[in-house]
Every structure is written in C-alpha cells, then in structure tokens.
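Trainee: Could you have a look at this structure, given as structure tokens, before my questions?
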Amino acid sequence: MTATLSQLTWSEARVKPRYRFVIAALILAAHLSIGLNFFSVTPLLPLVIDDYEVSRASASLLIALPTVVKALTGLPGSLIINRFGLNRSFTISWFLVGMLALSPLATTFPAMILLRLLYGLGAGLMMTASASLIMQWFPTNEAPIINTLLLVVVSLGVAASISLAVPLSNSMSWEAVLGLFGVIGLLGAIAWTLLGKTGSTTQEASSLFTLRDVWQVFRNRTIFLLVVGDALVFIQYAALTSWLPSFLHEFRGVSLEQAGYITGLLPAIGVVAVLIGGFLSLRVKARRPFFIIPGLIVGLGGFGSFLLTDLNAIYLSVIMIGVGTWIYQPVLLTLPMQLPWMTPRKITVVWGASLTIAGLGMFLSPIVVGASRDLFQTFVPGFSIWAILAWALVFTGLYLPRQSRAAANQ
C-alpha cells in the first residue's frame with residue numbers, strides 16, 4: 001500500500017511537472033526566511049539590553065528559547081502535520097515565522113520573547129513539513145539538489161542577517177530591522193497561500209498517525225543510524241561553536257577577534273561543503289562512504305581543535321570539522337526518501353525526529369562544556385565528551401544497510 005501511495009503523490013505532481021519549480025522556489029524562500037530570522041537578533045543584543053534594561057542572561061533567551069521550541073516541535077510536528085494536513089500546516093507555520101514582522105510593536109521584553117517563540121514554533125513545523133513537500137513534488141534523482149539548496153539558503157540567510165543587522169540599525173530602530181526580516185517571511189506566507197499546492201494523500205489520511213507508527217518508523221535500522229549519527233555530530237558542532245572562541249582566547253593566547261574568525265570558518269566552510277556533497281551525491285552511487293569518511297574527518301578535527309597547540313593545526317582542524325559536519329548532509333536528507341517503504345507522511349517523522357533529537361542535544365552540549373569549565377578549570381573534559389560521541393557517524397556508515405541506488409530511483 002505504501003508503495004502505491006508514493007506513486008500516487010508523484011503521479012499527481014507529474015500532472016503539472018513544471019509547477020514543481022514554483023514549489024521549489026517557495027520551499028527555498030521558506031528556508032531563507034528561517035535563516036534570516038534565526039540569529040538576526042544576535043548582533044543587536046547590546047541594543048536590546050539597553051532598551052529593555054534586561055540582563056545578558058535574559059537577553060540570551062531571545063536565541064535560546066526559539067531554539068528549544070524549534071527542537072521540541074520537530075517530532076510532535078510530524079503528528080500535527082499528519083493530523084491537520086500538509087497544506088494547512090505549512091501555511092500556518094510560515095505565518096508564524098512572519099509574525100516577527102510585528103517586532104516594531106513589541107514595546108516590552110515579554111512581547112519580543114513571545115514573537116521569537118512563535119518563530120521557533122513556525123520554523124520547527126515548517127522544516128518538518130518541507131520533507132513531505134519535497135517527496136511529493138520531486139523524484140528521488142532531483143531530491144538531492146533541492147536538499148542541498150535548502151541547506152545553502154538557510155546558511156546564506158543566517159550570514160546575511162548577521163552581516164546586515166547592525167548597518168541597518170544605523171538608519172532605523174533595531175526593532176524595525178527585526179521587523180524587516182520578519183516581513184520577508186510574511187510575504188512568503190502570502191505567496192504560499194496564493195501559489196502553494198500539495199499532493200493529495202486522502203488514502204493515507206483515512207487512519208490517524210499514532211505514536212506507535214512513529215516508533216515503527218524510528219526503529220528502522222537505517223533511520224535510527226542516520227538520526228542518531230547526525231545528531232551527535234551537530235551536538236559537537238554546537239559545543240565548539242559556543243565555547244571554542246573562549247577556549248582559544250584563554251588557553252591558546254589568541255585574541256578574541258581572531259578566535260571569532262577561526263570559529264566563523266565552521267559555517268563558511270559548511271556552505272562550500274554542502275555544495276560539494278550535493279554534487280558528489282549525484283555522481284557517487286555508494287552511500288556508506290558519505291558517512292564513514294566525514295565521520296573520520298569530523299572526529300579527528302574535533303579533537304585537534306582543542307588538543308593541538310599550533311595555530312595552523314587548529315585552523316586545519318576547524319576546517320575539517322566544517323567539511324565533515326556538512327558534506328554528507330545532502331545524502332542524509334535524501335537517503336530516507338529513497339527507502340522503498342517511505343511515504344510523504346512518514347518522512348515528516350524522520351525529519352521531525354532528527355530536528356528534535358539534534359536540537360535538544362545542541363541546547364544541552366554548550367551547558368555541559370560550560371559547567372565542565374567551571375568545575376575542572378578547563379574546557380577539555382566537556383569538549384572530549386562530544387568529540388568522542390561524534391565518531392558515531394563512522395558507525396552509521398559502517399552499519400548502514402546496503403541499498404540499491406537503481407531501485408531507489410525507480
């Protein structure tokens with residue numbers, strides 16, 4: 001039955017094959033709006049602290065709370081999408097992201113927190129729903145391209161908002177800057193309302209998707225290995241991104257400016273690595289090397305970033321982390337879609353579980369590293385925990401069941 005449903009959704013999309021380019025543009029615009037609004041408030045925090053008269057710890061909630069909400073929305077979001085429908089869920093999620101357009105009206109700190117929480121809820125729901133949209137509208141040989149572009153536009157959105165926030169605040173209020181980035185999401189929501197379409201899944205909708213169904217998807221060996229291996233890599237990524245600048249400054253004698261530049265290589269290298277990974281995924285049939293090799297690279301780079309003392313070696317280690325963390329992502333997002341039993345409904349569970357597990361871990365890992373620094377007067381124990389666990393990606397590749405690429409493309 002599941003194979004029939006997958007064929008139905010793709011056959012419906014083939015009725016208007018060129019329309020998938022419209023859907024692709026809308027999905028990419030959605031993820032661009034997620035990237036634009038994710039860290040847009042970060043460079044503006046000094047202004048936030050002064051205007052709202054809050055502590056630095058309180059101001060950090062504008063970033064931390066949406067991250068947690070986005071993570072917690074992932075897995076429950078898959079049930080919400082399957083219960084209320086993909087089109088309705090995607091529309092609501094985009095309007096929630098667009099609520100940040102009201103930032104200029106947020107005259108109090110709790111009001112701004114509320115808008116950021118709504119953004120986190122919308123971003124989590126949108127990212128989970130996108131998996132089903134991609135599977136409905138694009139054949140498996142095109143899915144790696146779309147997934148690669150999704151990762152790129154999110155990174156570009158983050159880079160653009162961080163770079164432009166302060167210059168824009170020189171000509172308008174910081175609340176207006178946040179509102180401007182939010183308006184882009186709101187316009188996208190209107191565009192989706194007018195142009196967005198989803199395939200029919202009435203046969204699947206005849207029965208509700210339950211927690212038992214979620215467990216049956218997650219217990220699959222391939223899905224379990226992919227979700228857990230990827231989560232542990234990004235948990236290390238979050239720990240290093242949060243504390244590596246402080247470590248380099250305190251224990252390696254690097255200036256804060258240079259330490260920030262070194263750490264900033266992680267997302268910059270990631271954009272290039274994603275593009276390379278997307279290209280290789282279309283050329284290389286074997287899937288195991290996409291996890292074994294990056295797992296070795298990110299594992300060695302992780303330890304090198306805080307155990308080595310030579311600055312050039314540290315640079316190389318950080319580059320290795322950036323490459324190893326991002327180059328396998330196009331394959332990671334696409335491989336579950338190529339499983340013969342996968343359907344648009346079930347893929348939301350996969351992406352939702354990945355978002356939840358990785359998100360909660362990325363929230364926890366910086367806390368563990370910071371606590372270890374206070375307890376042991378060094379960052380090494382905290383960094384070491386996540387560096388060891390990041391090697392799980394190697395085991396993901398080694399134990400990943402073999403899959404017929406030809407069968408997946410049928």
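As shown in the structure tokens, the chain order sets the letters A, B, ...; within each chain, residues go from 1, and ligands are also counted from 1 in the order they appear.
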Give me, as a PyMOL selection string, all polymer residues having an atom no more than 10 Å from Leu105 in chain A, counting only C-alpha atoms and skipping those fewer than 6 positions away in the same chain.
Mentor: chain A and resi 111-112+175-176+179
Trainee: Per residue of range 204-291 of chain A within 10 Å of range 150-166 of chain A, which atom pair is closest and at what distance in Å (one decimal), using only C-alpha atoms, listed by chain and increasing number, as a tab-separated table?
Mentor:
residue	atom	partner	partner_atom	distance
A:Pro267	CA	A:Ser155	CA	7.2
A:Ala268	CA	A:Ser155	CA	8.3
A:Gly270	CA	A:Ser155	CA	8.3
A:Val271	CA	A:Val152	CA	5.8
A:Val272	CA	A:Val152	CA	8.6
A:Ala273	CA	A:Val152	CA	9.8
A:Val274	CA	A:Val152	CA	7.1
A:Leu275	CA	A:Val152	CA	7.7
Trainee: Name all residues at most 8 Å from Phe383 in chain A (count only C-alpha atoms; drop same-chain ones fewer than 6 positions away) and give them as a PyMOL selection string.
Mentor: chain A and resi 236+239-240+306+369
Trainee: Keeping only C-alpha atoms, write those residues as a short mmCIF file (atom, residue, chain, number, x, y, z; two decimals), in the first residue's frame.
Mentor:
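Generated file (out16.cif):
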data_model
loop_
_atom_site.label_atom_id
_atom_site.label_comp_id
_atom_site.auth_asym_id
_atom_site.auth_seq_id
_atom_site.Cartn_x
_atom_site.Cartn_y
_atom_site.Cartn_z
CA GLN A 236 29.68 18.60 18.97
CA ALA A 239 29.56 22.85 21.73
CA LEU A 240 32.55 24.06 19.71
CA PHE A 306 41.29 21.73 21.41
CA VAL A 369 31.01 22.31 28.33
#
Trainee: Skip Gly98 in chain A itself and residues of its chain fewer than 4 positions away, then list as a list in words all residues within 10 Å of it, counting only C-alpha atoms.
Mentor: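 Returned residues: Ser33, Ile34, Asn37, Ile92, Ser93, Trp94, Leu102, Leu115, Leu118, Tyr119, Gly122, Gly179, Leu180, Phe181, Gly182, Val183, Ile184, Gly185, Leu186, Leu187, Gly188, Ala189 and Ile190 of chain A.
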Trainee: Residues within 9 Å of range 393-401 of chain A, please, as a PyMOL selection string. Count only C-alpha atoms; anything in the same chain fewer than 4 positions from it doesn't count.
Mentor: chain A and resi 221-222+224-226+228-230+232-233+287-296+298-299+389
Trainee: Any chance you can output those residues with N, CA and C atoms as a compact mmCIF listing (two decimals), in the first residue's frame?
Mentor:
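For reference, part_23.txt as written:
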# COMPACT_ATOMS: atom_id res chain seq x y z
N ARG A 221 16.40 0.35 11.13
CA ARG A 221 17.85 0.44 11.34
C ARG A 221 18.47 1.63 10.60
N THR A 222 18.09 1.82 9.36
CA THR A 222 18.65 2.92 8.58
C THR A 222 18.30 4.26 9.21
N PHE A 224 17.32 4.96 12.30
CA PHE A 224 17.94 5.13 13.63
C PHE A 224 19.40 5.54 13.50
N LEU A 225 20.15 4.86 12.63
CA LEU A 225 21.56 5.18 12.46
C LEU A 225 21.76 6.60 11.93
N LEU A 226 20.95 6.98 10.95
CA LEU A 226 21.08 8.31 10.36
C LEU A 226 20.77 9.41 11.36
N VAL A 228 20.61 9.36 14.76
CA VAL A 228 21.50 9.43 15.92
C VAL A 228 22.90 9.88 15.52
N GLY A 229 23.44 9.32 14.44
CA GLY A 229 24.77 9.71 14.00
C GLY A 229 24.87 11.18 13.67
N ASP A 230 23.89 11.69 12.93
CA ASP A 230 23.88 13.11 12.56
C ASP A 230 23.71 13.99 13.79
N LEU A 232 24.64 13.51 16.90
CA LEU A 232 25.85 13.60 17.72
C LEU A 232 26.93 14.47 17.06
N VAL A 233 26.96 14.48 15.74
CA VAL A 233 27.90 15.37 15.04
C VAL A 233 27.53 16.82 15.29
N ARG A 287 26.68 4.83 -0.72
CA ARG A 287 26.25 5.77 0.31
C ARG A 287 27.07 5.68 1.58
N ARG A 288 27.62 4.52 1.89
CA ARG A 288 28.38 4.37 3.12
C ARG A 288 29.57 5.33 3.23
N PRO A 289 30.36 5.53 2.16
CA PRO A 289 31.50 6.46 2.27
C PRO A 289 31.09 7.88 2.65
N PHE A 290 29.87 8.29 2.34
CA PHE A 290 29.42 9.64 2.67
C PHE A 290 29.31 9.84 4.19
N PHE A 291 29.29 8.75 4.95
CA PHE A 291 29.22 8.87 6.40
C PHE A 291 30.53 8.43 7.06
N ILE A 292 31.18 7.41 6.52
CA ILE A 292 32.43 6.92 7.12
C ILE A 292 33.53 7.98 7.01
N ILE A 293 33.75 8.50 5.81
CA ILE A 293 34.83 9.47 5.60
C ILE A 293 34.58 10.77 6.36
N PRO A 294 33.39 11.40 6.24
CA PRO A 294 33.14 12.60 7.05
C PRO A 294 33.21 12.33 8.54
N GLY A 295 32.80 11.12 8.95
CA GLY A 295 32.89 10.77 10.37
C GLY A 295 34.32 10.78 10.87
N LEU A 296 35.24 10.23 10.07
CA LEU A 296 36.66 10.26 10.43
C LEU A 296 37.20 11.68 10.44
N VAL A 298 35.51 14.60 10.82
CA VAL A 298 34.96 15.42 11.89
C VAL A 298 35.45 14.93 13.25
N GLY A 299 35.71 13.62 13.38
CA GLY A 299 36.22 13.09 14.63
C GLY A 299 37.64 13.56 14.92
N LEU A 389 31.69 11.18 21.11
CA LEU A 389 30.38 10.76 20.59
C LEU A 389 30.20 11.10 19.11
Trainee: My list of candidates is A:Pro17, A:Pro381, A:Pro330, A:Pro46. Which is closest to Pro139 in chain A when distances are computed with only C-alpha atoms?
Mentor: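 Of A:Pro17, A:Pro381, A:Pro330, A:Pro46, the one nearest Pro139 in chain A is A:Pro17, counting only C-alpha atoms.
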Trainee: Write out as a PyMOL selection string the residues lying within 8 Å of Leu62 in chain A, counting only C-alpha atoms and excluding same-chain residues fewer than 5 positions away.
Mentor: chain A and resi 41+112-113+116
Trainee: For the selection you just gave me, I'd like the residues written to a file as a short mmCIF file (atom, residue, chain, number, x, y, z; two decimals), in the first residue's frame, keeping C-alpha atoms.
Mentor:
data_model
loop_
_atom_site.label_atom_id
_atom_site.label_comp_id
_atom_site.auth_asym_id
_atom_site.auth_seq_id
_atom_site.Cartn_x
_atom_site.Cartn_y
_atom_site.Cartn_z
CA VAL A 41 18.90 39.45 16.92
CA MET A 112 9.51 40.21 21.97
CA ILE A 113 10.02 36.82 23.64
CA ARG A 116 10.51 34.77 18.98
#
Trainee: Which neighbours of Ile314 in chain A fall inside 12 Å, counting only C-alpha atoms, when residues of the same chain fewer than 2 positions from it are skipped, and could you give them as number ranges by chain?
Mentor: A: 244-245, 247-248, 252, 254, 259, 262-263, 265, 300-312, 316-321
Trainee: Take the residues from that selection and write them out as a tab-separated table (two decimals), in the first residue's frame, keeping C-alpha atoms.
Mentor:
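Dumped everything to out04.tsv:
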chain	number	residue	atom	x	y	z
A	244	LEU	CA	35.84	27.45	21.09
A	245	PRO	CA	36.41	31.24	20.90
A	247	PHE	CA	38.96	28.39	24.80
A	248	LEU	CA	41.30	29.75	22.14
A	252	ARG	CA	45.92	29.41	23.35
A	254	VAL	CA	44.51	34.01	20.60
A	259	ALA	CA	39.21	33.39	17.83
A	262	ILE	CA	38.54	30.90	13.40
A	263	THR	CA	35.20	29.68	14.72
A	265	LEU	CA	35.08	29.28	9.46
A	300	LEU	CA	39.88	13.92	14.08
A	301	GLY	CA	39.12	17.61	13.60
A	302	GLY	CA	37.08	17.73	16.79
A	303	PHE	CA	39.94	16.50	18.96
A	304	GLY	CA	42.52	18.55	17.07
A	305	SER	CA	40.64	21.81	17.65
A	306	PHE	CA	41.29	21.73	21.41
A	307	LEU	CA	44.22	19.31	21.88
A	308	LEU	CA	46.62	20.80	19.36
A	309	THR	CA	48.59	23.94	20.21
A	310	ASP	CA	49.92	25.03	16.82
A	311	LEU	CA	47.66	27.72	15.36
A	312	ASN	CA	47.91	26.37	11.81
A	316	LEU	CA	43.14	22.87	9.78
A	317	SER	CA	41.13	21.10	12.49
A	318	VAL	CA	38.33	23.66	12.31
A	319	ILE	CA	38.22	23.34	8.52
A	320	MET	CA	38.00	19.56	8.93
A	321	ILE	CA	35.07	19.97	11.32
Trainee: Smallest atom-to-atom distance to Ala64 in chain A: which of A:Ile385, A:Val323, A:Ala353, A:Leu117, using only C-alpha atoms?
Mentor: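 Nearest to Ala64 in chain A: A:Leu117.
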Trainee: Measure the distance from CA of Asn147 in chain A to CA of Gly264 in chain A in Å and round it to one decimal.
Mentor: 23.1 Å
Trainee: Quick check, in Å to one decimal: how far apart do CA of Gly278 in chain A and CA of Trp326 in chain A lie?
Mentor: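 Computing the Euclidean distance for CA of Gly278 in chain A and CA of Trp326 in chain A yields 10.2 Å.
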